[in-house]
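Text of the file protein.cif, holding mmCIF, C-alpha atoms and all ligand atoms:
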```cif
data_entry
#
loop_
_atom_site.group_PDB
_atom_site.id
_atom_site.type_symbol
_atom_site.label_atom_id
_atom_site.label_comp_id
_atom_site.auth_asym_id
_atom_site.auth_seq_id
_atom_site.Cartn_x
_atom_site.Cartn_y
_atom_site.Cartn_z
ATOM 1 C CA MET B 1 -294.653 -169.398 12.026
ATOM 2 C CA ARG B 2 -296.793 -167.255 9.730
ATOM 3 C CA SER B 3 -298.079 -163.973 11.091
ATOM 4 C CA ALA B 4 -300.666 -161.649 9.624
ATOM 5 C CA MET B 5 -298.144 -158.784 9.689
ATOM 6 C CA SER B 6 -299.406 -155.906 7.583
ATOM 7 C CA LEU B 7 -297.134 -154.498 4.892
ATOM 8 C CA SER B 8 -298.111 -150.983 5.910
ATOM 9 C CA VAL B 9 -296.771 -151.153 9.496
ATOM 10 C CA ASP B 10 -294.266 -148.499 10.433
ATOM 11 C CA HIS B 11 -290.668 -149.630 10.918
ATOM 12 C CA PRO B 12 -289.176 -148.076 14.047
ATOM 13 C CA PRO B 13 -285.361 -148.130 14.224
ATOM 14 C CA ALA B 14 -284.240 -151.407 15.788
ATOM 15 C CA LYS B 15 -286.512 -151.410 18.877
ATOM 16 C CA ASP B 16 -286.226 -155.198 18.815
ATOM 17 C CA ILE B 17 -282.529 -155.785 19.410
ATOM 18 C CA ARG B 18 -282.615 -158.763 17.019
ATOM 19 C CA HIS B 19 -283.193 -156.253 14.180
ATOM 20 C CA LYS B 20 -279.726 -154.808 14.745
ATOM 21 C CA LEU B 21 -278.290 -157.800 12.880
ATOM 22 C CA ILE B 22 -279.047 -157.848 9.144
ATOM 23 C CA ILE B 23 -278.002 -161.094 7.473
ATOM 24 C CA GLY B 24 -276.849 -160.713 3.855
ATOM 25 C CA LEU B 25 -278.377 -163.420 1.673
ATOM 26 C CA ASP B 26 -275.642 -163.351 -0.988
ATOM 27 C CA ILE B 27 -276.781 -166.716 -2.302
ATOM 28 C CA PRO B 28 -277.331 -167.881 -5.923
ATOM 29 C CA SER B 29 -280.911 -169.199 -5.751
ATOM 30 C CA VAL B 30 -284.143 -168.692 -3.825
ATOM 31 C CA GLU B 31 -284.217 -172.400 -2.996
ATOM 32 C CA GLU B 32 -280.772 -172.245 -1.349
ATOM 33 C CA ALA B 33 -281.724 -168.991 0.398
ATOM 34 C CA ARG B 34 -284.874 -170.615 1.858
ATOM 35 C CA SER B 35 -282.747 -173.484 3.150
ATOM 36 C CA VAL B 36 -280.266 -171.090 4.841
ATOM 37 C CA ILE B 37 -283.156 -169.068 6.344
ATOM 38 C CA ARG B 38 -284.708 -172.307 7.704
ATOM 39 C CA ARG B 39 -281.368 -173.335 9.241
ATOM 40 C CA ILE B 40 -280.891 -169.919 10.867
ATOM 41 C CA GLY B 41 -284.439 -170.056 12.297
ATOM 42 C CA ASP B 42 -285.207 -167.510 15.001
ATOM 43 C CA ALA B 43 -281.543 -166.419 15.153
ATOM 44 C CA GLY B 44 -282.354 -164.279 12.069
ATOM 45 C CA ALA B 45 -284.999 -161.545 12.085
ATOM 46 C CA PHE B 46 -283.763 -159.179 9.336
ATOM 47 C CA TYR B 47 -282.441 -160.282 5.922
ATOM 48 C CA LYS B 48 -280.745 -158.423 3.086
ATOM 49 C CA ILE B 49 -281.405 -159.328 -0.540
ATOM 50 C CA GLY B 50 -278.823 -157.906 -2.942
ATOM 51 C CA TYR B 51 -277.933 -158.237 -6.638
ATOM 52 C CA GLN B 52 -277.112 -161.934 -6.600
ATOM 53 C CA LEU B 53 -280.425 -163.140 -5.172
ATOM 54 C CA ALA B 54 -282.700 -160.327 -6.421
ATOM 55 C CA TYR B 55 -281.874 -161.086 -10.048
ATOM 56 C CA ALA B 56 -282.332 -164.824 -9.435
ATOM 57 C CA GLY B 57 -286.002 -164.541 -8.382
ATOM 58 C CA GLY B 58 -285.329 -162.988 -4.974
ATOM 59 C CA PHE B 59 -288.033 -160.332 -5.255
ATOM 60 C CA ASP B 60 -290.614 -163.090 -4.571
ATOM 61 C CA LEU B 61 -288.810 -163.852 -1.334
ATOM 62 C CA VAL B 62 -289.441 -160.324 -0.003
ATOM 63 C CA ARG B 63 -293.150 -160.898 0.542
ATOM 64 C CA GLU B 64 -292.549 -164.435 1.815
ATOM 65 C CA LEU B 65 -290.128 -163.175 4.480
ATOM 66 C CA VAL B 66 -292.395 -160.281 5.476
ATOM 67 C CA ASP B 67 -295.362 -162.676 5.807
ATOM 68 C CA ASP B 68 -293.173 -164.772 8.123
ATOM 69 C CA GLY B 69 -292.616 -161.747 10.372
ATOM 70 C CA LYS B 70 -289.075 -160.969 9.127
ATOM 71 C CA LYS B 71 -287.811 -157.597 7.895
ATOM 72 C CA VAL B 72 -286.176 -157.189 4.515
ATOM 73 C CA PHE B 73 -283.450 -154.855 3.271
ATOM 74 C CA LEU B 74 -283.487 -154.627 -0.538
ATOM 75 C CA ASP B 75 -279.921 -153.729 -1.426
ATOM 76 C CA LEU B 76 -280.302 -152.561 -5.025
ATOM 77 C CA LYS B 77 -277.943 -149.569 -4.821
ATOM 78 C CA LEU B 78 -279.889 -147.523 -7.354
ATOM 79 C CA HIS B 79 -278.153 -144.778 -9.306
ATOM 80 C CA ASP B 80 -279.624 -143.253 -12.498
ATOM 81 C CA ILE B 81 -281.224 -140.016 -13.707
ATOM 82 C CA GLY B 82 -283.699 -138.556 -11.232
ATOM 83 C CA ASN B 83 -286.911 -139.549 -13.012
ATOM 84 C CA THR B 84 -285.810 -143.174 -13.374
ATOM 85 C CA VAL B 85 -284.791 -143.425 -9.710
ATOM 86 C CA GLU B 86 -288.011 -141.780 -8.508
ATOM 87 C CA GLU B 87 -290.292 -144.079 -10.513
ATOM 88 C CA GLY B 88 -288.163 -147.126 -9.680
ATOM 89 C CA VAL B 89 -288.366 -146.391 -5.961
ATOM 90 C CA ARG B 90 -292.150 -145.904 -6.308
ATOM 91 C CA SER B 91 -292.439 -149.448 -7.726
ATOM 92 C CA ILE B 92 -290.054 -150.922 -5.137
ATOM 93 C CA SER B 93 -291.967 -149.238 -2.277
ATOM 94 C CA ARG B 94 -294.871 -151.641 -2.944
ATOM 95 C CA LEU B 95 -292.799 -154.789 -2.351
ATOM 96 C CA GLY B 96 -292.924 -154.674 1.465
ATOM 97 C CA ALA B 97 -289.220 -154.128 2.214
ATOM 98 C CA THR B 98 -288.099 -151.997 5.174
ATOM 99 C CA PHE B 99 -284.860 -150.625 3.648
ATOM 100 C CA LEU B 100 -283.691 -149.834 0.110
ATOM 101 C CA THR B 101 -280.222 -148.608 -0.863
ATOM 102 C CA VAL B 102 -279.343 -145.899 -3.390
ATOM 103 C CA HIS B 103 -275.905 -144.400 -4.009
ATOM 104 C CA ALA B 104 -275.310 -141.188 -2.061
ATOM 105 C CA TYR B 105 -275.340 -138.762 -4.996
ATOM 106 C CA PRO B 106 -277.531 -135.710 -4.317
ATOM 107 C CA GLN B 107 -279.766 -136.084 -7.427
ATOM 108 C CA THR B 108 -280.259 -139.773 -6.699
ATOM 109 C CA MET B 109 -281.043 -139.215 -3.017
ATOM 110 C CA ARG B 110 -283.581 -136.445 -3.761
ATOM 111 C CA ALA B 111 -285.317 -138.635 -6.347
ATOM 112 C CA ALA B 112 -285.453 -141.595 -3.956
ATOM 113 C CA VAL B 113 -286.999 -139.469 -1.196
ATOM 114 C CA ALA B 114 -289.655 -138.253 -3.670
ATOM 115 C CA GLY B 115 -290.325 -141.792 -4.927
ATOM 116 C CA LYS B 116 -290.923 -143.331 -1.510
ATOM 117 C CA ALA B 117 -293.434 -140.635 -0.443
ATOM 118 C CA GLY B 118 -296.499 -142.127 1.215
ATOM 119 C CA SER B 119 -294.883 -145.505 1.902
ATOM 120 C CA SER B 120 -293.100 -146.914 4.958
ATOM 121 C CA LEU B 121 -289.962 -147.777 2.952
ATOM 122 C CA LYS B 122 -286.751 -146.252 4.350
ATOM 123 C CA ILE B 123 -284.000 -145.096 2.007
ATOM 124 C CA LEU B 124 -280.360 -145.734 2.917
ATOM 125 C CA ALA B 125 -277.659 -143.831 1.039
ATOM 126 C CA VAL B 126 -274.464 -145.795 0.387
ATOM 127 C CA THR B 127 -271.650 -143.301 1.017
ATOM 128 C CA VAL B 128 -268.342 -144.988 0.083
ATOM 129 C CA LEU B 129 -268.279 -148.769 -0.351
ATOM 130 C CA THR B 130 -266.497 -150.634 2.439
ATOM 131 C CA SER B 131 -264.284 -152.400 -0.123
ATOM 132 C CA TYR B 132 -262.686 -149.016 -1.000
ATOM 133 C CA ASP B 133 -259.654 -147.401 0.582
ATOM 134 C CA ASP B 134 -258.046 -144.062 -0.275
ATOM 135 C CA GLN B 135 -256.089 -145.622 -3.161
ATOM 136 C CA ASP B 136 -259.255 -147.084 -4.720
ATOM 137 C CA LEU B 137 -260.854 -143.615 -4.697
ATOM 138 C CA ILE B 138 -257.876 -142.180 -6.604
ATOM 139 C CA GLU B 139 -258.134 -145.046 -9.121
ATOM 140 C CA ALA B 140 -261.847 -144.199 -9.557
ATOM 141 C CA GLY B 141 -260.976 -140.595 -10.482
ATOM 142 C CA TYR B 142 -261.381 -138.795 -7.163
ATOM 143 C CA ALA B 143 -258.775 -136.247 -6.082
ATOM 144 C CA ALA B 144 -256.508 -137.475 -3.321
ATOM 145 C CA GLY B 145 -258.303 -137.328 0.002
ATOM 146 C CA SER B 146 -259.567 -139.726 2.601
ATOM 147 C CA THR B 147 -262.490 -142.102 2.316
ATOM 148 C CA ALA B 148 -263.652 -140.852 5.733
ATOM 149 C CA ASP B 149 -263.825 -137.242 4.470
ATOM 150 C CA LEU B 150 -265.861 -138.271 1.421
ATOM 151 C CA VAL B 151 -268.182 -140.311 3.641
ATOM 152 C CA ALA B 152 -268.578 -137.216 5.869
ATOM 153 C CA LYS B 153 -269.387 -134.976 2.887
ATOM 154 C CA ARG B 154 -272.006 -137.428 1.637
ATOM 155 C CA ALA B 155 -273.477 -137.895 5.129
ATOM 156 C CA GLY B 156 -273.920 -134.112 5.348
ATOM 157 C CA GLN B 157 -275.715 -134.074 1.986
ATOM 158 C CA ALA B 158 -277.863 -137.046 3.050
ATOM 159 C CA ARG B 159 -278.868 -135.164 6.204
ATOM 160 C CA GLU B 160 -279.801 -132.025 4.232
ATOM 161 C CA ILE B 161 -281.879 -134.056 1.774
ATOM 162 C CA GLY B 162 -283.683 -135.858 4.604
ATOM 163 C CA ILE B 163 -282.682 -139.403 3.751
ATOM 164 C CA ASP B 164 -283.612 -142.041 6.374
ATOM 165 C CA GLY B 165 -280.079 -143.270 6.913
ATOM 166 C CA ILE B 166 -276.645 -143.940 5.517
ATOM 167 C CA VAL B 167 -274.471 -146.973 4.864
ATOM 168 C CA CYS B 168 -270.837 -146.450 5.863
ATOM 169 C CA ALA B 169 -267.986 -148.457 7.328
ATOM 170 C CA ALA B 170 -268.109 -148.991 11.080
ATOM 171 C CA PRO B 171 -264.817 -147.157 11.788
ATOM 172 C CA GLU B 172 -266.539 -143.971 10.495
ATOM 173 C CA ALA B 173 -269.791 -144.426 12.452
ATOM 174 C CA ARG B 174 -268.862 -142.278 15.449
ATOM 175 C CA ARG B 175 -267.887 -139.286 13.274
ATOM 176 C CA MET B 176 -271.019 -139.715 11.125
ATOM 177 C CA ARG B 177 -273.251 -139.686 14.226
ATOM 178 C CA GLY B 178 -271.943 -136.190 14.904
ATOM 179 C CA ILE B 179 -273.010 -135.116 11.402
ATOM 180 C CA LEU B 180 -276.389 -136.884 11.272
ATOM 181 C CA GLY B 181 -279.203 -136.311 13.722
ATOM 182 C CA ARG B 182 -280.265 -139.054 16.163
ATOM 183 C CA GLU B 183 -283.161 -139.906 13.851
ATOM 184 C CA GLN B 184 -281.018 -140.875 10.861
ATOM 185 C CA LEU B 185 -279.853 -144.470 10.802
ATOM 186 C CA ILE B 186 -276.258 -145.652 10.489
ATOM 187 C CA VAL B 187 -275.970 -149.073 8.861
ATOM 188 C CA THR B 188 -272.530 -150.698 8.708
ATOM 189 C CA PRO B 189 -271.414 -153.613 6.521
ATOM 190 C CA GLY B 190 -267.769 -154.760 6.602
ATOM 191 C CA ILE B 191 -268.369 -156.485 9.943
ATOM 192 C CA ARG B 192 -265.960 -159.257 10.883
ATOM 193 C CA PRO B 193 -266.065 -161.248 14.121
ATOM 194 C CA SER B 194 -262.542 -161.480 15.463
ATOM 195 C CA GLY B 195 -260.494 -164.045 13.517
ATOM 196 C CA SER B 196 -262.871 -163.980 10.514
ATOM 197 C CA PRO B 197 -261.196 -163.293 7.116
ATOM 198 C CA ALA B 198 -261.774 -159.788 5.694
ATOM 199 C CA GLY B 199 -262.105 -161.033 2.097
ATOM 200 C CA ASP B 200 -262.593 -158.013 -0.184
ATOM 201 C CA GLN B 201 -263.638 -155.705 2.702
ATOM 202 C CA LYS B 202 -261.071 -153.006 3.542
ATOM 203 C CA ARG B 203 -262.744 -150.904 6.285
ATOM 204 C CA ILE B 204 -263.885 -153.399 8.912
ATOM 205 C CA LEU B 205 -264.717 -153.718 12.631
ATOM 206 C CA THR B 206 -265.950 -156.455 14.942
ATOM 207 C CA PRO B 207 -269.672 -156.537 15.846
ATOM 208 C CA ALA B 208 -268.984 -155.232 19.381
ATOM 209 C CA ASP B 209 -266.777 -152.378 18.147
ATOM 210 C CA ALA B 210 -269.366 -151.394 15.519
ATOM 211 C CA ILE B 211 -272.073 -151.154 18.202
ATOM 212 C CA HIS B 212 -269.742 -149.129 20.444
ATOM 213 C CA ALA B 213 -269.067 -146.795 17.487
ATOM 214 C CA GLY B 214 -272.809 -146.087 17.287
ATOM 215 C CA ALA B 215 -274.056 -148.236 14.399
ATOM 216 C CA ASP B 216 -277.826 -148.891 14.453
ATOM 217 C CA HIS B 217 -277.715 -151.993 12.228
ATOM 218 C CA LEU B 218 -274.847 -154.324 11.273
ATOM 219 C CA VAL B 219 -274.839 -156.129 7.903
ATOM 220 C CA VAL B 220 -273.132 -159.518 7.963
ATOM 221 C CA GLY B 221 -272.966 -161.886 4.999
ATOM 222 C CA ARG B 222 -270.185 -164.450 4.545
ATOM 223 C CA PRO B 223 -269.294 -164.884 8.246
ATOM 224 C CA ILE B 224 -272.849 -166.273 8.686
ATOM 225 C CA ILE B 225 -273.967 -167.776 5.380
ATOM 226 C CA GLY B 226 -270.524 -169.292 4.729
ATOM 227 C CA ALA B 227 -270.302 -170.848 8.206
ATOM 228 C CA THR B 228 -270.652 -174.600 8.735
ATOM 229 C CA ASP B 229 -273.425 -173.784 11.202
ATOM 230 C CA PRO B 230 -275.078 -170.511 10.079
ATOM 231 C CA ARG B 231 -277.481 -170.525 13.027
ATOM 232 C CA ALA B 232 -274.653 -170.757 15.572
ATOM 233 C CA ALA B 233 -272.695 -168.051 13.716
ATOM 234 C CA ALA B 234 -275.727 -165.705 13.674
ATOM 235 C CA GLN B 235 -276.470 -166.386 17.346
ATOM 236 C CA ALA B 236 -272.841 -165.708 18.364
ATOM 237 C CA ILE B 237 -272.904 -162.338 16.557
ATOM 238 C CA MET B 238 -276.313 -161.535 18.076
ATOM 239 C CA ASP B 239 -274.935 -162.330 21.553
ATOM 240 C CA GLU B 240 -271.946 -160.041 20.892
ATOM 241 C CA ILE B 241 -274.317 -157.260 19.739
ATOM 242 C CA SER B 242 -276.527 -157.696 22.837
ATOM 243 C CA ALA B 243 -273.573 -157.592 25.231
ATOM 244 C CA ALA B 244 -272.094 -154.514 23.504
ATOM 245 C CA SER B 245 -275.488 -152.737 23.497
ATOM 246 C CA GLU B 246 -275.792 -153.175 27.261
ATOM 247 C CA ALA B 247 -272.219 -152.080 27.994
HETATM 248 O O1 LIG B 301 -275.026 -151.659 0.812
HETATM 249 C C1 LIG B 301 -274.476 -152.605 1.373
HETATM 250 O O2 LIG B 301 -275.127 -153.421 2.032
HETATM 251 C C2 LIG B 301 -273.023 -152.674 1.331
HETATM 252 C C3 LIG B 301 -272.355 -151.469 1.253
HETATM 253 C C4 LIG B 301 -270.971 -151.425 1.436
HETATM 254 O O3 LIG B 301 -270.341 -150.358 1.428
HETATM 255 N N1 LIG B 301 -270.309 -152.597 1.626
HETATM 256 C C5 LIG B 301 -270.938 -153.814 1.652
HETATM 257 O O4 LIG B 301 -270.266 -154.839 1.863
HETATM 258 N N2 LIG B 301 -272.306 -153.870 1.441
HETATM 259 C C6 LIG B 301 -272.994 -155.178 1.370
HETATM 260 O O5 LIG B 301 -272.877 -155.830 2.634
HETATM 261 C C7 LIG B 301 -272.661 -157.223 2.472
HETATM 262 C C8 LIG B 301 -271.390 -157.591 3.181
HETATM 263 O O6 LIG B 301 -271.174 -158.958 3.047
HETATM 264 P P1 LIG B 301 -269.963 -159.701 3.762
HETATM 265 O O7 LIG B 301 -268.704 -158.995 3.370
HETATM 266 O O8 LIG B 301 -270.039 -161.099 3.182
HETATM 267 O O9 LIG B 301 -270.240 -159.659 5.237
HETATM 268 C C9 LIG B 301 -272.633 -157.513 0.975
HETATM 269 O O10 LIG B 301 -273.902 -157.999 0.610
HETATM 270 C C10 LIG B 301 -272.395 -156.152 0.341
HETATM 271 O O11 LIG B 301 -273.072 -156.021 -0.897
#
```

Go ahead and render the structure in this file as structure tokens.
Ligand SMILES: O=C(O)c1cc(=O)[nH]c(=O)n1[C@@H]1O[C@H](COP(=O)(O)O)[C@@H](O)[C@H]1O
Amino acid sequence: MRSAMSLSVDHPPAKDIRHKLIIGLDIPSVEEARSVIRRIGDAGAFYKIGYQLAYAGGFDLVRELVDDGKKVFLDLKLHDIGNTVEEGVRSISRLGATFLTVHAYPQTMRAAVAGKAGSSLKILAVTVLTSYDDQDLIEAGYAAGSTADLVAKRAGQAREIGIDGIVCAAPEARRMRGILGREQLIVTPGIRPSGSPAGDQKRILTPADAIHAGADHLVVGRPIIGATDPRAAAQAIMDEISAASEA
């Protein structure tokens, strides 16, 4: 059903419980993405478009989804010099998405906050990717320490800079809530329903445990889009989220 939803509406944090589930459209073409979205139907209210689909024509899908009453998370994970990030975010803020990711480096976060001024776009800072563990950080040149401590440091910087929210792994959500205010969002990928393969994700939790840990939104890709019945998979996760939110 098409709705006349305005692009300028404000986006309150997950008042509609269905917005707690963000479905990752990591799919090679817009045509295949449309087919998955049709199959999921009203079991999907919030979709994420990342590198794979964005660079295959997925930017056109943003407006289409918004016109259909869905919310869109543009997962572009920007990171560049301040001026480039600021101007890039200014352009992206006109596309109608609700969320945009940048990496949680202070210069990048400050530039993103400046670039989104005057729009309803919310900036999420990606702290430490959920595919990283302590060993991966050492390989990337960081001094020995824990991923959770680096996430905490970046969450503190994100709070100071006034970013709208952070992306972290669900096992860290409870600690991050103590660092962030109530207003700042915690978005957690690396979500695996029990029995679902982790794949390349290293810091994972089930949907129910992520909600109990205090996550505002859960990002789920392969467990839904790779399922034989994506609608049933999305609905099962939504039911788990609803039950955990009431508990
Ligand atoms: O920014 C993200 O969304 C993100 C950050 C992160 O630390 N880890 C992470 O997995 N993601 C994204 O979340 C999605 C997770 O997909 P699945 O592992 O298939 O559920 C992918 O689209 C990732 O790009």

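Selecting all polymer residues at most 6 Å from ligand LIG 301 (chain B), using all atoms listed in the file, gives Gly24, Asp26, Asp75, Val126, Val128, Leu129, Thr130, Cys168, Pro189, Gly190, Ile191, Val219, Val220, Gly221 and Arg222 of chain B.
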
Using 10 Å as the limit and counting all atoms listed in the file, can you tabulate each residue of range 143-215 of chain B that touches range 104-121 of chain B, with its shortest atom-to-atom distance in Å and the two atoms involved, as JSON lines?
```
{"residue": "B:Val151", "atom": "CA", "partner": "B:Ala104", "partner_atom": "CA", "distance": 9.2}
{"residue": "B:Lys153", "atom": "CA", "partner": "B:Ala104", "partner_atom": "CA", "distance": 9.9}
{"residue": "B:Arg154", "atom": "CA", "partner": "B:Ala104", "partner_atom": "CA", "distance": 6.2}
{"residue": "B:Ala155", "atom": "CA", "partner": "B:Ala104", "partner_atom": "CA", "distance": 8.1}
{"residue": "B:Gln157", "atom": "CA", "partner": "B:Pro106", "partner_atom": "CA", "distance": 6.8}
{"residue": "B:Ala158", "atom": "CA", "partner": "B:Ala104", "partner_atom": "CA", "distance": 7.1}
{"residue": "B:Glu160", "atom": "CA", "partner": "B:Pro106", "partner_atom": "CA", "distance": 9.6}
{"residue": "B:Ile161", "atom": "CA", "partner": "B:Arg110", "partner_atom": "CA", "distance": 6.3}
{"residue": "B:Gly162", "atom": "CA", "partner": "B:Val113", "partner_atom": "CA", "distance": 7.6}
{"residue": "B:Ile163", "atom": "CA", "partner": "B:Val113", "partner_atom": "CA", "distance": 6.6}
{"residue": "B:Asp164", "atom": "CA", "partner": "B:Val113", "partner_atom": "CA", "distance": 8.7}
{"residue": "B:Ile166", "atom": "CA", "partner": "B:Ala104", "partner_atom": "CA", "distance": 8.2}
{"residue": "B:Val167", "atom": "CA", "partner": "B:Ala104", "partner_atom": "CA", "distance": 9.1}
```

Assuming the chain letters and numbering stay as they are in my file, what does the PyMOL selection byres (((chain B and resi 177) around 12) and not hetatm) actually select? List them as a count of residues only. 31

Taking the point (-267.8, -163.8, 13.9) as given in the file, collect each protein or nucleic acid residue that comes within 8 Å of it, counting only C-alpha atoms, and present the set as a PyMOL selection string. chain B and resi 192-196+206-207+223-224+233+236-237

Neighbour residues at most 9 Å from (-280.1, -158.3, -2.9) (all atoms listed in the file) as a list in words: Gly24, Leu25, Asp26, Lys48, Ile49, Gly50, Tyr51, Gln52, Leu53, Ala54, Tyr55, Gly58, Phe59, Phe73, Leu74, Asp75 and Leu76 of chain B

Can you list, as a compact mmCIF listing (two decimals) with C-alpha atoms, in the coordinates of the input, every protein, DNA or RNA residue that comes within 8 Å of range 29-38 of chain B when you count all atoms listed in the file, leaving out same-chain residues fewer than 5 positions away?
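Saved the output as result.txt:
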```txt
# COMPACT_ATOMS: atom_id res chain seq x y z
CA GLY B 44 -282.35 -164.28 12.07
CA LEU B 53 -280.42 -163.14 -5.17
CA ALA B 56 -282.33 -164.82 -9.44
CA GLY B 57 -286.00 -164.54 -8.38
CA GLY B 58 -285.33 -162.99 -4.97
CA LEU B 61 -288.81 -163.85 -1.33
CA ILE B 225 -273.97 -167.78 5.38
CA PRO B 230 -275.08 -170.51 10.08
```

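Using the PyMOL selection byres (((chain B and resi 21) around 6) and not hetatm) on this structure selects His19, Lys20, Ile22, His217 and Leu218 of chain B.
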